[in-house]
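Data from start23.pdb: PDB, C-alpha atoms
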```
MODEL        1
ATOM      1  CA  MET A 993     -19.156  20.639  31.036
ATOM      2  CA  ALA A 994     -21.788  23.345  30.555
ATOM      3  CA  ASP A 995     -21.004  26.768  31.978
ATOM      4  CA  MET A 996     -23.130  28.209  34.763
ATOM      5  CA  GLN A 997     -25.665  30.854  33.774
ATOM      6  CA  TYR A 998     -28.219  32.551  36.008
ATOM      7  CA  GLU A 999     -30.383  35.660  36.151
ATOM      8  CA  LEU A1000     -28.859  38.309  38.356
ATOM      9  CA  SER A1001     -31.485  41.016  37.870
ATOM     10  CA  GLU A1002     -33.904  42.302  35.235
ATOM     11  CA  ARG A1003     -30.904  43.915  33.520
ATOM     12  CA  GLY A1004     -29.377  40.634  32.366
ATOM     13  CA  SER A1005     -27.811  37.384  33.300
ATOM     14  CA  VAL A1006     -24.467  36.277  34.644
ATOM     15  CA  HIS A1007     -22.480  33.690  32.781
ATOM     16  CA  ILE A1008     -19.674  31.990  34.701
ATOM     17  CA  SER A1009     -17.277  29.734  32.873
ATOM     18  CA  ASP A1010     -16.484  26.473  34.640
ATOM     19  CA  GLU A1011     -12.800  27.336  34.363
ATOM     20  CA  VAL A1012     -13.342  30.460  36.468
ATOM     21  CA  VAL A1013     -14.648  28.407  39.375
ATOM     22  CA  GLN A1014     -11.891  25.830  38.825
ATOM     23  CA  ILE A1015      -9.214  28.524  39.039
ATOM     24  CA  ILE A1016     -10.740  30.154  42.120
ATOM     25  CA  ALA A1017     -10.926  26.767  43.833
ATOM     26  CA  GLY A1018      -7.405  25.858  42.685
ATOM     27  CA  VAL A1019      -5.906  29.099  43.981
ATOM     28  CA  ALA A1020      -7.795  28.776  47.277
ATOM     29  CA  THR A1021      -6.573  25.197  47.680
ATOM     30  CA  ASN A1022      -2.952  26.141  47.066
ATOM     31  CA  GLU A1023      -3.227  28.941  49.634
ATOM     32  CA  VAL A1024      -3.910  26.496  52.451
ATOM     33  CA  ASP A1025      -0.861  25.773  54.575
ATOM     34  CA  GLY A1026       0.175  22.151  54.170
ATOM     35  CA  VAL A1027      -0.896  21.809  50.527
ATOM     36  CA  LEU A1028       2.022  21.018  48.251
ATOM     37  CA  SER A1029       0.129  21.070  44.959
ATOM     38  CA  THR A1030      -3.080  20.143  43.255
ATOM     39  CA  SER A1031      -2.827  16.905  41.350
ATOM     40  CA  GLY A1032      -4.354  16.746  37.905
ATOM     41  CA  SER A1033      -4.365  14.448  34.932
ATOM     42  CA  LEU A1034      -1.457  13.846  32.568
ATOM     43  CA  TYR A1035      -3.056  16.358  30.188
ATOM     44  CA  GLY A1036      -2.997  19.098  32.857
ATOM     45  CA  GLY A1037       0.652  18.329  33.592
ATOM     46  CA  LEU A1038       1.540  18.436  29.891
ATOM     47  CA  THR A1039      -0.189  21.801  29.534
ATOM     48  CA  GLU A1040       1.916  23.155  32.400
ATOM     49  CA  SER A1041       5.107  21.746  30.898
ATOM     50  CA  ILE A1042       4.442  23.119  27.425
ATOM     51  CA  THR A1043       3.207  26.588  28.398
ATOM     52  CA  GLY A1044       5.560  26.927  31.357
ATOM     53  CA  ARG A1045       2.738  28.474  33.375
ATOM     54  CA  LYS A1046       1.163  26.983  36.461
ATOM     55  CA  ASN A1047      -2.239  25.599  35.560
ATOM     56  CA  MET A1048      -4.346  26.736  38.511
ATOM     57  CA  ALA A1049      -7.373  24.768  37.306
ATOM     58  CA  LYS A1050      -5.429  21.520  37.462
ATOM     59  CA  GLY A1051      -6.862  18.909  39.819
ATOM     60  CA  VAL A1052     -10.205  20.661  40.272
ATOM     61  CA  LYS A1053     -13.572  19.443  39.003
ATOM     62  CA  VAL A1054     -16.778  21.459  39.260
ATOM     63  CA  GLN A1055     -20.309  20.142  38.876
ATOM     64  CA  TYR A1056     -23.064  22.718  38.519
ATOM     65  CA  ASP A1057     -26.627  22.477  39.695
ATOM     66  CA  GLU A1058     -28.282  25.229  37.652
ATOM     67  CA  ALA A1059     -31.655  24.813  39.322
ATOM     68  CA  GLY A1060     -30.223  25.401  42.765
ATOM     69  CA  ARG A1061     -27.603  27.931  41.544
ATOM     70  CA  SER A1062     -25.006  25.888  43.336
ATOM     71  CA  CYS A1063     -22.051  23.669  42.623
ATOM     72  CA  THR A1064     -20.096  20.738  43.997
ATOM     73  CA  ILE A1065     -16.303  20.885  43.838
ATOM     74  CA  ASP A1066     -13.782  18.040  43.852
ATOM     75  CA  VAL A1067     -10.104  18.808  44.444
ATOM     76  CA  TRP A1068      -7.186  16.390  44.168
ATOM     77  CA  VAL A1069      -4.234  17.405  46.337
ATOM     78  CA  GLN A1070      -0.793  16.360  47.390
ATOM     79  CA  LEU A1071       0.090  17.409  50.946
ATOM     80  CA  ARG A1072       3.332  18.052  52.782
ATOM     81  CA  PHE A1073       4.784  15.383  55.029
ATOM     82  CA  GLY A1074       4.102  15.981  58.697
ATOM     83  CA  VAL A1075       0.755  17.772  58.467
ATOM     84  CA  SER A1076      -2.472  16.432  59.918
ATOM     85  CA  ILE A1077      -4.383  15.288  56.842
ATOM     86  CA  PRO A1078      -7.929  15.662  58.253
ATOM     87  CA  GLU A1079      -7.067  19.106  59.618
ATOM     88  CA  VAL A1080      -5.719  20.331  56.270
ATOM     89  CA  GLY A1081      -8.690  18.716  54.531
ATOM     90  CA  TYR A1082     -11.132  20.702  56.669
ATOM     91  CA  GLN A1083      -9.191  23.906  56.000
ATOM     92  CA  ILE A1084      -9.289  23.253  52.240
ATOM     93  CA  GLN A1085     -13.053  22.736  52.383
ATOM     94  CA  GLU A1086     -13.595  25.931  54.372
ATOM     95  CA  HIS A1087     -11.304  28.073  52.245
ATOM     96  CA  VAL A1088     -12.517  26.810  48.872
ATOM     97  CA  LYS A1089     -16.158  27.159  49.883
ATOM     98  CA  SER A1090     -15.764  30.711  51.219
ATOM     99  CA  SER A1091     -13.631  31.819  48.236
ATOM    100  CA  VAL A1092     -15.992  30.489  45.573
ATOM    101  CA  GLU A1093     -19.097  31.743  47.356
ATOM    102  CA  SER A1094     -17.736  35.217  47.969
ATOM    103  CA  MET A1095     -16.307  35.681  44.463
ATOM    104  CA  THR A1096     -19.054  34.156  42.323
ATOM    105  CA  GLY A1097     -22.244  34.299  44.358
ATOM    106  CA  LEU A1098     -22.749  30.591  43.777
ATOM    107  CA  ARG A1099     -23.625  28.350  46.690
ATOM    108  CA  VAL A1100     -21.137  25.532  47.224
ATOM    109  CA  ASP A1101     -22.972  22.384  48.267
ATOM    110  CA  ALA A1102     -19.859  20.339  48.976
ATOM    111  CA  VAL A1103     -16.117  20.373  48.566
ATOM    112  CA  HIS A1104     -14.757  16.842  48.240
ATOM    113  CA  VAL A1105     -11.047  16.634  48.981
ATOM    114  CA  HIS A1106      -9.046  13.741  47.512
ATOM    115  CA  VAL A1107      -5.610  13.337  49.064
ATOM    116  CA  VAL A1108      -3.508  11.470  46.512
ATOM    117  CA  GLY A1109      -0.121  11.637  48.207
ATOM    118  CA  VAL A1110       2.271  13.251  50.634
ATOM    119  CA  ALA A1111       5.735  14.531  49.798
ATOM    120  CA  PHE A1112       8.443  16.957  50.797
ATOM    121  CA  GLN A1113       8.269  20.463  49.422
ATOM    122  CA  THR A1114      11.964  20.750  48.635
ATOM    123  CA  ASP A1115      15.086  18.635  48.551
ATOM    124  CA  ALA A1116      16.303  20.665  51.516
ATOM    125  CA  GLU A1117      13.312  19.499  53.549
ATOM    126  CA  ARG A1118      14.009  15.929  52.536
ATOM    127  CA  ALA A1119      17.662  16.280  53.543
ATOM    128  CA  GLN A1120      16.639  17.895  56.831
ATOM    129  CA  ASP A1121      14.298  14.988  57.522
ATOM    130  CA  ALA A1122      17.112  12.514  56.825
ATOM    131  CA  ASP A1123      19.403  14.529  59.130
ATOM    132  CA  GLN A1124      16.785  14.403  61.878
ATOM    133  CA  ILE A1125      16.594  10.646  61.501
ATOM    134  CA  GLY A1126      20.385  10.486  61.720
ATOM    135  CA  THR A1127      20.364  12.651  64.850
ATOM    136  CA  VAL A1128      17.745  10.453  66.504
ATOM    137  CA  PHE A1129      19.779   7.358  65.639
ATOM    138  CA  SER A1130      23.048   8.740  66.953
ATOM    139  CA  GLN A1131      21.381   9.883  70.191
ATOM    140  CA  GLU A1132      19.756   6.486  70.661
ATOM    141  CA  GLU A1133      23.019   4.718  69.877
ATOM    142  CA  ARG A1134      24.908   6.850  72.404
ATOM    143  CA  SER A1135      22.344   6.075  75.096
ATOM    144  CA  SER A1136      22.087   2.356  74.306
ATOM    145  CA  GLY A1137      25.671   1.682  73.249
ATOM    146  CA  GLY A1138      24.968   1.301  69.513
ATOM    147  CA  ILE A1139      23.114  -1.205  67.400
ATOM    148  CA  GLY A1140      23.675  -4.729  68.509
TER     149      GLY A1140
ATOM    150  CA  MET B 458      -2.067  -0.439  34.722
ATOM    151  CA  ASN B 459      -4.194  -3.496  34.000
ATOM    152  CA  VAL B 460      -3.348  -6.483  31.811
ATOM    153  CA  GLY B 461      -5.231  -5.119  28.776
ATOM    154  CA  ASP B 462      -3.345  -1.827  28.871
ATOM    155  CA  ARG B 463      -0.051  -3.651  29.256
ATOM    156  CA  PHE B 464      -0.851  -5.716  26.157
ATOM    157  CA  LEU B 465      -1.760  -2.564  24.199
ATOM    158  CA  LEU B 466       1.449  -0.911  25.340
ATOM    159  CA  PHE B 467       3.351  -4.005  24.193
ATOM    160  CA  LEU B 468       1.689  -3.751  20.754
ATOM    161  CA  LEU B 469       2.530  -0.044  20.550
ATOM    162  CA  SER B 470       6.132  -0.797  21.439
ATOM    163  CA  ILE B 471       6.344  -3.435  18.693
ATOM    164  CA  VAL B 472       4.860  -1.063  16.108
ATOM    165  CA  GLY B 473       7.255   1.676  17.225
ATOM    166  CA  LEU B 474      10.214  -0.709  17.079
ATOM    167  CA  VAL B 475       9.384  -1.905  13.567
ATOM    168  CA  LEU B 476       8.830   1.638  12.265
ATOM    169  CA  GLY B 477      11.991   2.836  13.962
ATOM    170  CA  VAL B 478      14.123   0.090  12.422
ATOM    171  CA  LEU B 479      12.610   0.689   8.980
ATOM    172  CA  LEU B 480      13.241   4.431   9.195
ATOM    173  CA  ALA B 481      16.803   3.822  10.335
ATOM    174  CA  LEU B 482      17.388   1.434   7.418
ATOM    175  CA  LEU B 483      15.876   3.964   5.012
ATOM    176  CA  GLY B 484      18.054   6.698   6.420
ATOM    177  CA  ALA B 485      21.157   4.527   6.176
ATOM    178  CA  GLY B 486      20.377   3.734   2.563
ATOM    179  CA  VAL B 487      20.074  -0.017   3.196
ATOM    180  CA  ILE B 488      16.526   0.099   1.845
ATOM    181  CA  SER B 489      15.860   2.129  -1.253
ATOM    182  CA  VAL B 490      13.199   4.821  -0.812
ATOM    183  CA  THR B 491      11.857   4.297  -4.324
ATOM    184  CA  TRP B 492      11.699   0.533  -3.820
ATOM    185  CA  ALA B 493       9.880   0.973  -0.475
ATOM    186  CA  ALA B 494       7.454   3.493  -2.004
ATOM    187  CA  SER B 495       6.665   1.226  -4.943
ATOM    188  CA  GLU B 496       6.207  -1.862  -2.776
ATOM    189  CA  LEU B 497       4.180  -0.236  -0.021
ATOM    190  CA  THR B 498       1.622   1.297  -2.349
ATOM    191  CA  VAL B 499       0.521  -1.950  -3.997
ATOM    192  CA  GLN B 500      -1.354  -5.004  -2.729
ATOM    193  CA  PRO B 501      -0.976  -6.571  -0.210
ATOM    194  CA  TRP B 502       1.542  -4.250   1.540
ATOM    195  CA  ASN B 503      -0.616  -1.152   1.230
ATOM    196  CA  THR B 504      -3.315  -2.936   3.279
ATOM    197  CA  VAL B 505      -0.724  -3.950   5.867
ATOM    198  CA  CYS B 506       0.545  -0.354   6.066
ATOM    199  CA  LEU B 507      -3.003   0.946   6.443
ATOM    200  CA  VAL B 508      -3.864  -1.500   9.238
ATOM    201  CA  VAL B 509      -0.583  -1.028  11.126
ATOM    202  CA  GLY B 510      -0.826   2.759  10.763
ATOM    203  CA  VAL B 511      -4.408   2.914  12.058
ATOM    204  CA  ILE B 512      -3.671   0.555  14.961
ATOM    205  CA  GLY B 513      -0.530   2.489  15.869
ATOM    206  CA  ALA B 514      -2.371   5.814  15.759
ATOM    207  CA  LEU B 515      -5.254   4.496  17.903
ATOM    208  CA  LEU B 516      -2.843   3.039  20.456
ATOM    209  CA  ALA B 517      -0.888   6.293  20.559
ATOM    210  CA  ILE B 518      -4.096   8.282  21.164
ATOM    211  CA  ARG B 519      -5.083   5.807  23.883
ATOM    212  CA  PHE B 520      -1.851   6.308  25.794
ATOM    213  CA  LEU B 521      -1.637  10.031  25.077
ATOM    214  CA  PHE B 522      -4.829  10.449  27.097
ATOM    215  CA  TYR B 523      -4.104   7.600  29.479
ATOM    216  CA  ARG B 524      -5.019   8.198  33.088
ATOM    217  CA  SER B 525      -3.648   6.069  35.814
ATOM    218  CA  ARG B 526      -6.188   4.448  38.130
ATOM    219  CA  ARG B 527      -4.248   5.961  40.989
ATOM    220  CA  GLY B 528      -4.358   9.658  41.604
ATOM    221  CA  GLY B 529      -5.791  11.014  38.387
ATOM    222  CA  ALA B 530      -8.469  13.650  38.688
ATOM    223  CA  GLY B 531     -11.911  12.269  37.977
ATOM    224  CA  VAL B 532     -10.875   8.668  38.405
ATOM    225  CA  PRO B 533     -11.740   6.939  41.680
ATOM    226  CA  ALA B 534      -8.706   5.595  43.492
ATOM    227  CA  GLU B 535      -8.619   3.134  46.373
ATOM    228  CA  SER B 536      -9.119   5.354  49.337
ATOM    229  CA  VAL B 537     -10.375   5.819  52.873
ATOM    230  CA  LEU B 538     -13.308   8.137  53.332
ATOM    231  CA  LEU B 539     -13.601  10.716  56.117
ATOM    232  CA  ALA B 540     -16.621  12.935  56.587
ATOM    233  CA  GLY B 541     -15.867  16.656  56.634
ATOM    234  CA  ASP B 542     -18.119  19.605  57.455
ATOM    235  CA  HIS B 543     -18.526  20.559  53.801
ATOM    236  CA  GLY B 544     -18.030  17.268  52.000
ATOM    237  CA  GLN B 545     -15.893  14.166  51.919
ATOM    238  CA  ILE B 546     -12.172  13.831  52.495
ATOM    239  CA  ARG B 547     -10.707  10.878  50.619
ATOM    240  CA  ILE B 548      -7.230   9.705  51.546
ATOM    241  CA  SER B 549      -5.738   7.373  48.965
ATOM    242  CA  TYR B 550      -4.070   4.128  49.997
ATOM    243  CA  GLU B 551      -0.928   5.461  48.318
ATOM    244  CA  THR B 552      -0.873   8.316  50.837
ATOM    245  CA  LEU B 553      -1.200   5.891  53.754
ATOM    246  CA  ARG B 554       1.555   3.762  52.222
ATOM    247  CA  GLN B 555       3.860   6.775  51.980
ATOM    248  CA  LEU B 556       3.176   7.665  55.621
ATOM    249  CA  ALA B 557       3.799   4.097  56.784
ATOM    250  CA  ASN B 558       7.010   3.902  54.744
ATOM    251  CA  ARG B 559       8.291   7.160  56.147
ATOM    252  CA  ARG B 560       7.723   6.094  59.749
ATOM    253  CA  GLY B 561       8.978   2.566  59.156
ATOM    254  CA  SER B 562      12.167   3.824  57.521
ATOM    255  CA  GLN B 563      12.918   5.893  60.635
ATOM    256  CA  LEU B 564      13.096   2.799  62.844
ATOM    257  CA  LYS B 565      16.492   1.972  64.204
ATOM    258  CA  GLY B 566      17.543  -1.343  62.730
ATOM    259  CA  ALA B 567      15.303  -1.275  59.653
ATOM    260  CA  GLU B 568      17.506  -1.239  56.540
ATOM    261  CA  SER B 569      14.632  -1.029  54.074
ATOM    262  CA  PHE B 570      10.911  -0.766  54.567
ATOM    263  CA  ASP B 571       7.980  -1.083  52.187
ATOM    264  CA  SER B 572       4.280  -1.487  52.810
ATOM    265  CA  ARG B 573       0.935  -2.267  51.226
ATOM    266  CA  VAL B 574      -2.445  -0.977  52.379
ATOM    267  CA  ARG B 575      -5.801  -2.676  52.036
ATOM    268  CA  GLN B 576      -9.214  -2.452  53.586
ATOM    269  CA  GLY B 577      -9.976  -4.463  56.722
ATOM    270  CA  ARG B 578     -13.214  -5.029  58.592
ATOM    271  CA  ASP B 579     -12.578  -2.397  61.216
ATOM    272  CA  GLY B 580     -10.074  -0.057  59.593
ATOM    273  CA  VAL B 581      -7.183  -0.479  57.214
ATOM    274  CA  LEU B 582      -4.631  -3.274  57.180
ATOM    275  CA  ILE B 583      -1.006  -2.336  56.611
ATOM    276  CA  ALA B 584       1.316  -5.121  55.496
ATOM    277  CA  CYS B 585       4.990  -4.199  55.878
ATOM    278  CA  ARG B 586       8.050  -5.853  54.378
ATOM    279  CA  MET B 587      11.243  -5.057  56.191
ATOM    280  CA  GLN B 588      14.903  -5.804  55.711
ATOM    281  CA  VAL B 589      16.728  -5.568  59.053
ATOM    282  CA  LEU B 590      20.301  -4.857  60.057
ATOM    283  CA  PRO B 591      22.379  -7.720  61.483
ATOM    284  CA  ASP B 592      22.387  -8.410  65.240
ATOM    285  CA  ILE B 593      19.035  -6.749  65.806
ATOM    286  CA  ASP B 594      16.340  -8.151  68.095
ATOM    287  CA  ILE B 595      13.898  -8.878  65.279
ATOM    288  CA  ALA B 596      10.918  -9.587  67.534
ATOM    289  CA  ALA B 597      11.367  -6.322  69.402
ATOM    290  CA  LEU B 598      11.892  -4.372  66.180
ATOM    291  CA  SER B 599       8.765  -5.901  64.655
ATOM    292  CA  ARG B 600       6.692  -4.940  67.698
ATOM    293  CA  GLU B 601       8.145  -1.446  67.579
ATOM    294  CA  ALA B 602       7.349  -1.201  63.866
ATOM    295  CA  GLN B 603       3.754  -2.244  64.463
ATOM    296  CA  ALA B 604       3.228   0.277  67.237
ATOM    297  CA  ALA B 605       5.061   3.123  65.497
ATOM    298  CA  VAL B 606       3.377   2.710  62.104
ATOM    299  CA  LYS B 607      -0.077   2.317  63.627
ATOM    300  CA  GLU B 608       0.332   5.357  65.855
ATOM    301  CA  TYR B 609       1.791   7.557  63.115
ATOM    302  CA  VAL B 610      -0.769   6.692  60.452
ATOM    303  CA  GLU B 611      -3.679   7.063  62.858
ATOM    304  CA  ARG B 612      -2.410  10.404  64.171
ATOM    305  CA  THR B 613      -1.499  11.892  60.807
ATOM    306  CA  ALA B 614      -4.277  10.561  58.602
ATOM    307  CA  GLY B 615      -7.036  10.234  61.192
ATOM    308  CA  VAL B 616      -7.981   6.748  59.976
ATOM    309  CA  LYS B 617      -8.275   3.648  62.113
ATOM    310  CA  VAL B 618      -5.572   1.058  61.551
ATOM    311  CA  GLU B 619      -6.928  -2.391  62.326
ATOM    312  CA  ARG B 620      -3.669  -4.310  62.068
ATOM    313  CA  VAL B 621      -0.065  -3.880  61.037
ATOM    314  CA  ILE B 622       1.401  -7.083  59.656
ATOM    315  CA  VAL B 623       5.203  -7.157  59.643
ATOM    316  CA  HIS B 624       7.101  -9.467  57.339
ATOM    317  CA  VAL B 625      10.849  -9.515  57.895
ATOM    318  CA  THR B 626      12.186 -10.578  54.524
ATOM    319  CA  GLU B 627      15.912 -10.813  55.233
ATOM    320  CA  VAL B 628      18.872  -9.569  57.197
ATOM    321  CA  ALA B 629      20.851  -6.918  55.354
ATOM    322  CA  PRO B 630      24.348  -8.076  54.399
ATOM    323  CA  ASN B 631      27.225  -6.806  56.565
ATOM    324  CA  GLY B 632      28.722  -3.566  55.380
ATOM    325  CA  GLN B 633      25.373  -1.898  54.724
ATOM    326  CA  ALA B 634      25.129  -0.560  58.236
ATOM    327  CA  GLY B 635      24.787   3.136  57.288
ATOM    328  CA  LYS B 636      21.241   4.124  56.582
ATOM    329  CA  ALA B 637      19.243   7.195  55.870
ATOM    330  CA  TRP B 638      15.711   7.687  54.806
ATOM    331  CA  ARG B 639      15.515   7.794  51.040
ATOM    332  CA  GLY B 640      11.929   8.814  50.509
ATOM    333  CA  ALA B 641       8.548   7.119  50.464
TER     334      ALA B 641
ENDMDL
END
```
This structure in structure tokens:
Amino acid sequence: MADMQYELSERGSVHISDEVVQIIAGVATNEVDGVLSTSGSLYGGLTESITGRKNMAKGVKVQYDEAGRSCTIDVWVQLRFGVSIPEVGYQIQEHVKSSVESMTGLRVDAVHVHVVGVAFQTDAERAQDADQIGTVFSQEERSSGGIG
Amino acid sequence: MNVGDRFLLFLLSIVGLVLGVLLALLGAGVISVTWAASELTVQPWNTVCLVVGVIGALLAIRFLFYRSRRGGAGVPAESVLLAGDHGQIRISYETLRQLANRRGSQLKGAESFDSRVRQGRDGVLIACRMQVLPDIDIAALSREAQAAVKEYVERTAGVKVERVIVHVTEVAPNGQAGKAWRGA
């Protein structure tokens, strides 16, 4: 992907690497409450595993429109169980758009959010969910005299 | 993974198996290194080595950069589209399946629960397969599953569920009465 380059003033031009926008969008996405992680390709996951550092550009794709000095961003996310998916999706769009626009000066035409899955954040959450199910069952069984 | 990829993976496995066995035999001294080197560098075995090596390398590169059709960035997955203020929100069928499975697994009397999602005319269709506990009113449980899954998926994902089809596969054997949700 070609990097974005535009004239800022008569003193020179600004050159923004696509990875810069990817990282800004990735960080903004992960800041939204309800987002578990961004979901990238196998290559992005391998990079994280090998370097041991979180790849903030993972799961983010940026398409530039140099003529309009704007970009379109796609993010792939995994959300937490229990959140309202459309609501979190809108928040991701808002936050990514405002972050990229304020930090780079680029106009963001669209932020496409791809929800690829839902999961629990921790094993503790998963266990708590199972406990809640157990509590509901035992309460129902007490009130109805048990299954069957 | 489609049929072609499965076939390529099968070929890669065969190549890996053959090379692994040969290396093990070389290491164990069953095959002489000098004999193998002399044989493999002359016709026709050098051609065989060349072809197998190139095919193995190409297959390895193919699967090193393999991207699943589901969930990989840049690859379209089966999904439901919602319009947002600043772009689209795509919710994959896998997400809807996980939501349906979570809600279905919470039902009292459902021992195991799995689902499939596909596109209908007026929303998505969710087909559920359920194993039930003994002595359960199956008709009532099925109706409850339909209502619960539909309500939960529509509320959480904001997509219209056209129908929930419940298929009760079997009654769980006695002695498996304890249940807890084990994940989507």
- Written as number ranges by chain, what is the full residue list that the PyMOL selection byres ((chain A) within 6 of (chain B)) yields on the file shown? A: 1032-1033, 1051, 1076-1077, 1102-1110, 1122, 1140
- Suppose you want the space between CA of Val589 (chain B) and CA of Ala567 (chain B); what is it in Å?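 Separating CA of Val589 (chain B) from CA of Ala567 (chain B) is a distance of 4.6 Å.
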- Spatial neighbours of region 462-478 of chain B, max dist 10 Å, only C-alpha atoms, sep filter under 5 positions, as a list in words: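 Once the adjacent positions are removed, what remains is Leu483, Gly484, Val509, Gly510, Ile512, Gly513, Ala514, Leu515, Leu516, Ala517, Arg519, Phe520 and Tyr523 of chain B.
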Go ahead and dump the residues you just picked, C-alpha atoms, as an mmCIF file, in the frame of the given file.
```cif
data_model
loop_
_atom_site.group_PDB
_atom_site.id
_atom_site.type_symbol
_atom_site.label_atom_id
_atom_site.label_comp_id
_atom_site.auth_asym_id
_atom_site.auth_seq_id
_atom_site.Cartn_x
_atom_site.Cartn_y
_atom_site.Cartn_z
ATOM 1 C CA LEU B 483 15.876 3.964 5.012
ATOM 2 C CA GLY B 484 18.054 6.698 6.420
ATOM 3 C CA VAL B 509 -0.583 -1.028 11.126
ATOM 4 C CA GLY B 510 -0.826 2.759 10.763
ATOM 5 C CA ILE B 512 -3.671 0.555 14.961
ATOM 6 C CA GLY B 513 -0.530 2.489 15.869
ATOM 7 C CA ALA B 514 -2.371 5.814 15.759
ATOM 8 C CA LEU B 515 -5.254 4.496 17.903
ATOM 9 C CA LEU B 516 -2.843 3.039 20.456
ATOM 10 C CA ALA B 517 -0.888 6.293 20.559
ATOM 11 C CA ARG B 519 -5.083 5.807 23.883
ATOM 12 C CA PHE B 520 -1.851 6.308 25.794
ATOM 13 C CA TYR B 523 -4.104 7.600 29.479
#
```
- Answer key for the PyMOL selection byres ((chain B and resi 578) around 12), residues as a list in words: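 When the PyMOL selection byres ((chain B and resi 578) around 12) is applied to the shown file, the picked residues are Arg575, Gln576, Gly577, Asp579, Gly580, Val581, Leu582, Lys617, Val618, Glu619 and Arg620 of chain B.
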- Quick one: distance from CA of Glu1093 (chain A) to CA of Val1069 (chain A) in Å, one decimal?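 Computing the Euclidean distance for CA of Glu1093 (chain A) and CA of Val1069 (chain A) yields 20.7 Å.
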- Message: I'd like the residues picked by the PyMOL selection byres ((chain A and resi 1090) around 12) written out as a list of chain:residue names, using the chain letters and numbers from the file.
- Response: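 So the PyMOL selection byres ((chain A and resi 1090) around 12), applied here, picks out A:Ile1016, A:Ala1017, A:Ala1020, A:Thr1021, A:Gln1083, A:Ile1084, A:Gln1085, A:Glu1086, A:His1087, A:Val1088, A:Lys1089, A:Ser1091, A:Val1092, A:Glu1093, A:Ser1094, A:Met1095, A:Thr1096, A:Gly1097, A:Leu1098, A:Arg1099, A:Val1100, A:Asp1101, A:Ala1102, A:Val1103, B:His543.
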- Query: How many Å lie between CA of Glu1023 (chain A) and CA of Asp1057 (chain A), rounded to one decimal?
  - Reply: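 Spanning CA of Glu1023 (chain A) to CA of Asp1057 (chain A) is a straight-line distance of 26.2 Å.
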Residues at most 6 Å from region 1025-1027 of chain A, counting only C-alpha atoms, excluding those fewer than 2 positions away in the same chain, as a short mmCIF file (atom, residue, chain, number, x, y, z; two decimals) with C-alpha atoms, in the frame of the given file?
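Ended up saving to part-v8.cif:
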```cif
data_model
loop_
_atom_site.label_atom_id
_atom_site.label_comp_id
_atom_site.auth_asym_id
_atom_site.auth_seq_id
_atom_site.Cartn_x
_atom_site.Cartn_y
_atom_site.Cartn_z
CA ASN A 1022 -2.95 26.14 47.07
CA SER A 1029 0.13 21.07 44.96
CA LEU A 1071 0.09 17.41 50.95
CA ARG A 1072 3.33 18.05 52.78
#
```
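Nearest residue to Arg600 (chain B) among B:Val623, B:Met587, B:Val574, B:Ala494 is B:Val623, counting all atoms listed in the file.
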Expected file for region 494-505 of chain B keeping N, CA and C atoms, as a PDB file, in the first residue's frame:
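Everything below was put into result_1.pdb:
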```pdb
ATOM      1  N   ALA B 494      23.505 -40.046  -0.565  1.00  0.00           N
ATOM      2  CA  ALA B 494      24.040 -38.911  -1.319  1.00  0.00           C
ATOM      3  C   ALA B 494      24.403 -39.325  -2.738  1.00  0.00           C
ATOM      4  N   SER B 495      24.979 -40.503  -2.886  1.00  0.00           N
ATOM      5  CA  SER B 495      25.370 -40.946  -4.233  1.00  0.00           C
ATOM      6  C   SER B 495      24.165 -41.281  -5.098  1.00  0.00           C
ATOM      7  N   GLU B 496      23.137 -41.858  -4.466  1.00  0.00           N
ATOM      8  CA  GLU B 496      21.939 -42.239  -5.236  1.00  0.00           C
ATOM      9  C   GLU B 496      21.101 -41.019  -5.621  1.00  0.00           C
ATOM     10  N   LEU B 497      20.976 -40.090  -4.666  1.00  0.00           N
ATOM     11  CA  LEU B 497      20.058 -38.971  -4.881  1.00  0.00           C
ATOM     12  C   LEU B 497      20.619 -37.886  -5.802  1.00  0.00           C
ATOM     13  N   THR B 498      21.874 -38.004  -6.152  1.00  0.00           N
ATOM     14  CA  THR B 498      22.444 -36.976  -7.034  1.00  0.00           C
ATOM     15  C   THR B 498      22.571 -37.445  -8.480  1.00  0.00           C
ATOM     16  N   VAL B 499      22.089 -38.650  -8.762  1.00  0.00           N
ATOM     17  CA  VAL B 499      22.140 -39.134 -10.151  1.00  0.00           C
ATOM     18  C   VAL B 499      20.720 -39.424 -10.644  1.00  0.00           C
ATOM     19  N   GLN B 500      20.600 -39.493 -11.974  1.00  0.00           N
ATOM     20  CA  GLN B 500      19.301 -39.793 -12.591  1.00  0.00           C
ATOM     21  C   GLN B 500      18.801 -41.160 -12.152  1.00  0.00           C
ATOM     22  N   PRO B 501      17.497 -41.408 -11.973  1.00  0.00           N
ATOM     23  CA  PRO B 501      16.422 -40.400 -12.058  1.00  0.00           C
ATOM     24  C   PRO B 501      16.081 -39.791 -10.702  1.00  0.00           C
ATOM     25  N   TRP B 502      16.797 -40.205  -9.605  1.00  0.00           N
ATOM     26  CA  TRP B 502      16.392 -39.760  -8.266  1.00  0.00           C
ATOM     27  C   TRP B 502      16.647 -38.287  -8.018  1.00  0.00           C
ATOM     28  N   ASN B 503      17.627 -37.706  -8.726  1.00  0.00           N
ATOM     29  CA  ASN B 503      17.850 -36.273  -8.522  1.00  0.00           C
ATOM     30  C   ASN B 503      16.655 -35.462  -9.030  1.00  0.00           C
ATOM     31  N   THR B 504      16.031 -35.936 -10.136  1.00  0.00           N
ATOM     32  CA  THR B 504      14.833 -35.265 -10.655  1.00  0.00           C
ATOM     33  C   THR B 504      13.675 -35.392  -9.652  1.00  0.00           C
ATOM     34  N   VAL B 505      13.542 -36.598  -9.100  1.00  0.00           N
ATOM     35  CA  VAL B 505      12.476 -36.828  -8.116  1.00  0.00           C
ATOM     36  C   VAL B 505      12.666 -35.904  -6.906  1.00  0.00           C
TER      37      VAL B 505
END
```
